[in-house]
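Heads up: the structure comes next, in structure tokens.
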Number of protein chains: 2
Amino acid sequence: MAFVLIGFMGAGKSTAARELAAAMDAECLDSDELLAERFGHPVAREFELHGEESFRAAEEELVCGLLARAPERAVIALGGGSVLSGRVREALRGHLTVLLDIEPALAWERVRAEPGGPQRPLASDPDAFRRLHAERVELYESLADAIVPVPGACSPALLARALISLSLAPRGTRLLWAGSASGQYPVLIGRGLLAAGVTEAVWPLDRTVSRAFWVTDEHVAALHAEKLGDPALRITIPPGEESKTLAQAERVWRALASGGVTRADHLAALGGGVVGDLAGFCAATYQRGVPVVQLPTTLLAQVDSAYGGKTGVDLPEAKNYVGAYHQPAGVIVDPDVLETLPRGELDAGWVEVLKTALIAGGALWEAVAEGARADERTIFDCARTKLAAVAGDERDAGRRQVLNLGHTVGHAIETVTGYARYRHGEAVGLGLLATLRLSGQDQLRAQVGALLAAHGLPVRLEDADVDAVLEAIRRDKKRIGADVPFVLLQAPGEVSYGCTVPGEELRAAVMELAA
Amino acid sequence: MAFVLIGFMGAGKSTAARELAAAMDAECLDSDELLAERFGHPVAREFELHGEESFRAAEEELVCGLLARAPERAVIALGGGSVLSGRVREALRGHLTVLLDIEPALAWERVRAEPGGPQRPLASDPDAFRRLHAERVELYESLADAIVPVPGACSPALLARALISLSLAPRGTRLLWAGSASGQYPVLIGRGLLAAGVTEAVWPLDRTVSRAFWVTDEHVAALHAEKLGDPALRITIPPGEESKTLAQAERVWRALASGGVTRADHLAALGGGVVGDLAGFCAATYQRGVPVVQLPTTLLAQVDSAYGGKTGVDLPEAKNYVGAYHQPAGVIVDPDVLETLPRGELDAGWVEVLKTALIAGGALWEAVAEGARADERTIFDCARTKLAAVAGDERDAGRRQVLNLGHTVGHAIETVTGYARYRHGEAVGLGLLATLRLSGQDQLRAQVGALLAAHGLPVRLEDADVDAVLEAIRRDKKRIGADVPFVLLQAPGEVSYGCTVPGEELRAAVMELAA
């Protein structure tokens, strides 16, 4: 099995392949380079001399040969168009395919900046270039076992380790690379990852030098005890939002101190959003920071809260008021564990899928609108959307704010109802409806309402005072001075953040929920 | 009054002056440029034609004229050698002098890399270059109202704001620029900075858009109440190390939440190390981070703990076990407030001066060894040493570790004696003695012992079991796996970190303390 790098021109496949091969101490092969050798002149010249068709035939032959006879763990860079061949796609099976994913605008810039001007036959004008990218991107994605965004602060050594993990994971597992200013980490998503023997094999840190100290809750511990290893290295908290407190954080910190956990060790958070946020915060602050591996077991955590490094606990005064940004060292997601989730929990978690699909638009929104199940494919797409929003804006100063779609009203509803009447997802569902009203999206609001109802989720606000909800919104922690910035939506995939909403419109949107 | 940039060649005075002038919307003047205009050829050519003496005379005349007629708030870059003239130094009085401080090796690299090769007459060989730097550096420092390290991620807008603060501060106040991976901030050190009217004038943040929420202790509040402004924006904790707890942190967090503090607001920590560490940690984690201005009122905090962004609280199991790195938005240091400190507190704080002098070597060590008072000069030099150690290694992975000199044994002594028998400084003093023994520095150990004794500080360990101290060292949070890394000292100014110490030597060094 080889690691095969695919992607659009300008993504940097040749360079990445060399670095990755060096990090793995493996052989590096580059199809364009080998073709140029065979032709006796550069690939661009071959295009000129004999045209694309002739080039593609030669490329197909060479690449199929390469893939058939690839040394074990070789790193192979393929020309951007080679996967247009069905024979090449066939030959990719059995190898591990890594997509270097680049925005067309950036790819164009890079290609134009190549020394000696662009040598690429298919990079003559920007519009054709963009069209070509749009044509190919779905094909690339459908072939990719791993998606690595470009540019990213991607350490070849870390990526090499993650790809080897992926090669040891159950078939169908996919890898996403997460990047942000403060850290990069692998996300593995696949059925069966959370099983004794498997989890250890794909672990992102070296457990022979860094002990894993588990944090979980009583429900999860009962379901997955056998996967957790040594019970001496385990802290179990009571299940539920009531545990997201400073008191539980203190229990964790003190247990870590008593257990002699050092900066060389790390935490492993196995559970839903509460466990992930609490363990993440404890990891962020224990001895001023130790790594944490997130192993989310609820739908909400698998599609949303396990990624992006927001950690924290609640105060009696307000939710998530004490916390830190602390990117995980890795996230391991096994959709199979969702089978043990109660129906209501799954439906409430599905609201974050709905929210993410509204933000992403495109194929994810279409699938969700048509009633797609929250399976590994959906989870992967949601995680990818979230990581893209976090990548350039870890600390929520800009683009990341789109992820708050529906959350400002949702949080206020939770606050006013004492976190008891509605699950988080249910409150966010109501928040989405209010947001779509504020966005002037009547039709989409009706569609989302129907989707919520189909999942047995509330579409009307009950047992809550409208004025109290409005007051809670005014106290939102995103508030800057007097204004609470809102996220609005023009269409699925078109989201604006930092919007000011007139007080009377907000009141009307909340009153409509309660009507 | 103008802002005058001085410093060695290669420090980037011309560029910095232009950027700073742009940020201040002020006029920019460059003595070398003006001289070249006057000569009708570059400065280097003038050297060749008429020699250095003739050049210096022309430079002196031009610079004195510039300084005498400088427009208000102009930014003026001076040639590196211009301050050799007594008349120029005289003319600098009444202006604000900013030293761009650069290591000679880096300056040499930069000068060599100048387009067209080095144009500088005094940059012909590296040894002469280094000697020239050594000759001038003391002169530069003695003239500087502000010291800005080069290279630093120095934002011209932030520096401009800080220099304007400095221009409003009492005479004698000096500015240090602190840089690190996660942030940069000004440090103002001067007598009388902590006084109603003055503190507000030099504040590093805009208090018209960001409210200051004060955290202080009861002692400090009683002494400085009138300087604290609106009591509604104040949280007072009981004095002493016993307040460095999660319980007090929770009080602060909840008061911030009840007080409606938002991310646009900030904290102000007025007090010693406990207040600074606690308020810093609360700021780091309240709503995942708000700025904090540190206003240290003890010697320990003024020379050490207020800088560098280490924040945290104690657990019952161990000191400083819960915390975060969070650089302040600024530090305001008024040595006058030390006059209200009890003698014992001042002496214990002086141990950090001693430690810093041992790390720094040079003039600071000589002054401390000769019994220098902990005045604004000493505090400034200590702060500078600390900030230099933090600059390249905010998170303690390398060079910053030198600041732990004496602290591993010191912390263990505090732990074993329940933080009651010895003040922090007293324990660190004992730790320094043990460290000097481990470093094989018999003579220096005797000298340090005499200095400690002269300050009425303990030089013998009492009421503590040697085995318990050794066990506490083994549990140090700096421990990586089984080894606790030690900081050792070859001579004042020559410090090694990450050293392994044989168990029997450590035992002997601690036993010697207890003998």
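Chain labels run A, B, ... following the order of the structure tokens; each chain numbers its residues from 1, and ligands are numbered from 1 in the order shown.
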Give me the chain B side of the contact with chain A, cut-off 9 Å, one line per residue showing its nearest atom pair and distance in Å at one decimal, counting only C-alpha atoms, sorted by chain and residue number, as a Markdown table.
| residue | atom | partner | partner_atom | distance |
| --- | --- | --- | --- | --- |
| B:Val209 | CA | A:Gly481 | CA | 7.6 |
| B:Ser210 | CA | A:Gly481 | CA | 8.2 |
| B:Leu246 | CA | A:Glu250 | CA | 7.8 |
| B:Glu250 | CA | A:Leu246 | CA | 7.8 |
| B:Trp253 | CA | A:Val322 | CA | 7.4 |
| B:Arg254 | CA | A:Glu317 | CA | 6.9 |
| B:Ala257 | CA | A:Glu317 | CA | 6.3 |
| B:Ser258 | CA | A:Glu317 | CA | 6.9 |
| B:Gly260 | CA | A:Arg475 | CA | 7.2 |
| B:Val261 | CA | A:Lys477 | CA | 8.7 |
| B:Thr262 | CA | A:Lys477 | CA | 6.2 |
| B:Arg263 | CA | A:Ile480 | CA | 6.5 |
| B:Ala264 | CA | A:Ile480 | CA | 5.5 |
| B:Asp265 | CA | A:Gly481 | CA | 8.3 |
| B:Cys282 | CA | A:Val322 | CA | 8.2 |
| B:Ala284 | CA | A:Ala324 | CA | 7.3 |
| B:Thr285 | CA | A:Gly323 | CA | 4.8 |
| B:Tyr286 | CA | A:Val322 | CA | 4.8 |
| B:Gln287 | CA | A:Tyr321 | CA | 4.7 |
| B:Arg288 | CA | A:Ala324 | CA | 4.5 |
| B:Gly289 | CA | A:Ala324 | CA | 7.0 |
| B:Lys310 | CA | A:Arg288 | CA | 8.2 |
| B:Thr311 | CA | A:Arg288 | CA | 8.2 |
| B:Gly312 | CA | A:Arg288 | CA | 7.8 |
| B:Leu315 | CA | A:Arg254 | CA | 6.9 |
| B:Pro316 | CA | A:Arg254 | CA | 7.9 |
| B:Glu317 | CA | A:Ala257 | CA | 6.3 |
| B:Ala318 | CA | A:Ala257 | CA | 7.4 |
| B:Asn320 | CA | A:Gln287 | CA | 7.1 |
| B:Tyr321 | CA | A:Gln287 | CA | 4.7 |
| B:Val322 | CA | A:Tyr286 | CA | 4.8 |
| B:Gly323 | CA | A:Arg288 | CA | 4.6 |
| B:Ala324 | CA | A:Arg288 | CA | 4.4 |
| B:Tyr325 | CA | A:Arg288 | CA | 6.5 |
| B:Arg395 | CA | A:Arg288 | CA | 8.9 |
| B:Arg475 | CA | A:Gly260 | CA | 7.2 |
| B:Asp476 | CA | A:Thr262 | CA | 8.7 |
| B:Lys477 | CA | A:Thr262 | CA | 6.2 |
| B:Lys478 | CA | A:Arg263 | CA | 7.2 |
| B:Arg479 | CA | A:Thr262 | CA | 6.5 |
| B:Ile480 | CA | A:Ala264 | CA | 5.5 |
| B:Gly481 | CA | A:Ala264 | CA | 6.3 |
Residue contacts of stretch 197-205 of chain B (12 Å, only C-alpha atoms) excluding same-chain residues fewer than 4 positions away, as a ChimeraX atom specification: /B:157-171,173-175,184-193,209-212,226-229,264-268,270,291-295,328-334
I need the strand (DSSP E or B) residues of stretch 62-280 of chain B per DSSP on the backbone, written as a compact mmCIF listing (two decimals) with C-alpha atoms, in the first residue's frame.
# COMPACT_ATOMS: atom_id res chain seq x y z
CA VAL B 75 9.95 61.22 15.26
CA ILE B 76 13.69 61.58 14.69
CA ALA B 77 16.11 58.80 13.74
CA LEU B 96 12.09 61.24 24.71
CA THR B 97 14.86 58.86 23.69
CA VAL B 98 14.00 55.40 22.38
CA LEU B 99 16.73 52.77 22.08
CA LEU B 100 16.21 50.14 19.42
CA ASP B 101 18.20 47.40 21.10
CA ILE B 102 19.81 44.80 18.85
CA ALA B 146 12.49 53.53 26.33
CA ILE B 147 14.13 50.27 25.27
CA VAL B 148 12.57 48.35 22.40
CA PRO B 149 14.20 45.03 21.54
CA VAL B 150 14.89 44.28 17.86
CA ARG B 174 11.10 54.41 31.57
CA LEU B 175 9.46 52.10 29.08
CA LEU B 176 10.35 48.52 28.20
CA TRP B 177 8.76 46.79 25.25
CA ALA B 178 7.78 43.17 25.88
CA GLY B 179 7.41 40.79 22.99
CA SER B 180 6.44 37.12 22.82
CA GLY B 183 1.49 39.24 22.30
CA GLN B 184 3.43 42.42 22.88
CA TYR B 185 2.91 45.02 25.54
CA PRO B 186 4.47 48.06 27.18
CA VAL B 187 6.01 48.05 30.64
CA LEU B 188 6.20 51.45 32.32
CA ILE B 189 8.45 51.76 35.36
CA ALA B 212 -11.28 48.46 33.77
CA PHE B 213 -12.52 45.96 36.36
CA TRP B 214 -10.16 45.95 39.34
CA VAL B 215 -8.95 42.94 41.29
CA THR B 216 -6.98 43.71 44.44
CA ASP B 217 -6.55 42.53 48.01
CA ARG B 234 -13.73 46.25 42.10
CA ILE B 235 -13.24 42.78 43.57
CA THR B 236 -11.24 42.53 46.76
CA ILE B 237 -9.76 39.25 47.95
CA HIS B 266 -10.56 44.25 30.81
CA LEU B 267 -9.20 43.50 34.25
CA ALA B 268 -6.67 45.49 36.24
CA ALA B 269 -4.63 43.55 38.80
CA LEU B 270 -3.40 45.76 41.62
CA GLY B 271 -1.37 43.85 44.17
Contacts of A:Pro126 at 10 Å (only C-alpha atoms; same-chain gap of 2+ positions) as a list of chain:residue names: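 So, after excluding close chain neighbours, the residues are A:Pro104, A:Ala105, A:Trp108, A:Glu109, A:Arg112, A:Leu122, A:Ala123, A:Ser124, A:Ala128, A:Phe129, A:Arg130, A:Arg131, A:Leu132.
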Atom pair atom CA of A:Gly429 / atom CA of A:Val275: separation (Å):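 Those two atoms sit 22.3 Å apart.
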Non-local contacts of B:Ala22 (9 Å; only C-alpha atoms; under 5 positions in same chain excluded) as a list in words: Ala17, Glu27, Cys28, Pro156 and Ala157 of chain B
Backbone DSSP call of helix (DSSP H, G or I) for stretch 246-286 of chain A, listed as number ranges by chain: A: 246-258, 273-285
Long-range neighbours of A:His219 as a ChimeraX atom specification, 9 Å cut-off, only C-alpha atoms, 4 positions minimum in chain: /A:223-224,238-239,271
Let's have the selection written as a PDB file, in the first residue's frame, with all heavy atoms.
ATOM      1  N   LEU A 223     -20.975   1.917  29.076  1.00  0.00           N
ATOM      2  CA  LEU A 223     -21.093   1.359  27.724  1.00  0.00           C
ATOM      3  C   LEU A 223     -19.759   0.932  27.145  1.00  0.00           C
ATOM      4  O   LEU A 223     -19.682  -0.020  26.363  1.00  0.00           O
ATOM      5  CB  LEU A 223     -21.717   2.407  26.784  1.00  0.00           C
ATOM      6  CG  LEU A 223     -23.202   2.679  26.986  1.00  0.00           C
ATOM      7  CD1 LEU A 223     -23.606   3.969  26.272  1.00  0.00           C
ATOM      8  CD2 LEU A 223     -24.034   1.496  26.473  1.00  0.00           C
ATOM      9  N   HIS A 224     -18.702   1.649  27.491  1.00  0.00           N
ATOM     10  CA  HIS A 224     -17.436   1.451  26.777  1.00  0.00           C
ATOM     11  C   HIS A 224     -16.280   1.115  27.705  1.00  0.00           C
ATOM     12  O   HIS A 224     -15.118   1.306  27.348  1.00  0.00           O
ATOM     13  CB  HIS A 224     -17.087   2.697  25.964  1.00  0.00           C
ATOM     14  CG  HIS A 224     -18.141   3.097  24.983  1.00  0.00           C
ATOM     15  ND1 HIS A 224     -18.453   2.331  23.882  1.00  0.00           N
ATOM     16  CD2 HIS A 224     -18.988   4.159  24.952  1.00  0.00           C
ATOM     17  CE1 HIS A 224     -19.438   2.926  23.205  1.00  0.00           C
ATOM     18  NE2 HIS A 224     -19.781   4.033  23.835  1.00  0.00           N
ATOM     19  N   PRO A 238     -20.491  12.592  36.693  1.00  0.00           N
ATOM     20  CA  PRO A 238     -21.906  12.277  36.460  1.00  0.00           C
ATOM     21  C   PRO A 238     -22.322  12.789  35.083  1.00  0.00           C
ATOM     22  O   PRO A 238     -21.782  13.789  34.616  1.00  0.00           O
ATOM     23  CB  PRO A 238     -22.639  13.042  37.571  1.00  0.00           C
ATOM     24  CG  PRO A 238     -21.598  13.377  38.584  1.00  0.00           C
ATOM     25  CD  PRO A 238     -20.308  13.497  37.846  1.00  0.00           C
ATOM     26  N   PRO A 239     -23.255  12.111  34.412  1.00  0.00           N
ATOM     27  CA  PRO A 239     -23.646  12.542  33.069  1.00  0.00           C
ATOM     28  C   PRO A 239     -24.469  13.830  33.105  1.00  0.00           C
ATOM     29  O   PRO A 239     -25.081  14.149  34.120  1.00  0.00           O
ATOM     30  CB  PRO A 239     -24.492  11.379  32.560  1.00  0.00           C
ATOM     31  CG  PRO A 239     -25.010  10.709  33.787  1.00  0.00           C
ATOM     32  CD  PRO A 239     -23.990  10.924  34.867  1.00  0.00           C
ATOM     33  N   GLY A 271     -16.702  11.075  25.472  1.00  0.00           N
ATOM     34  CA  GLY A 271     -18.057  11.434  25.866  1.00  0.00           C
ATOM     35  C   GLY A 271     -18.640  12.474  24.934  1.00  0.00           C
ATOM     36  O   GLY A 271     -18.137  12.687  23.826  1.00  0.00           O
TER      37      GLY A 271
END
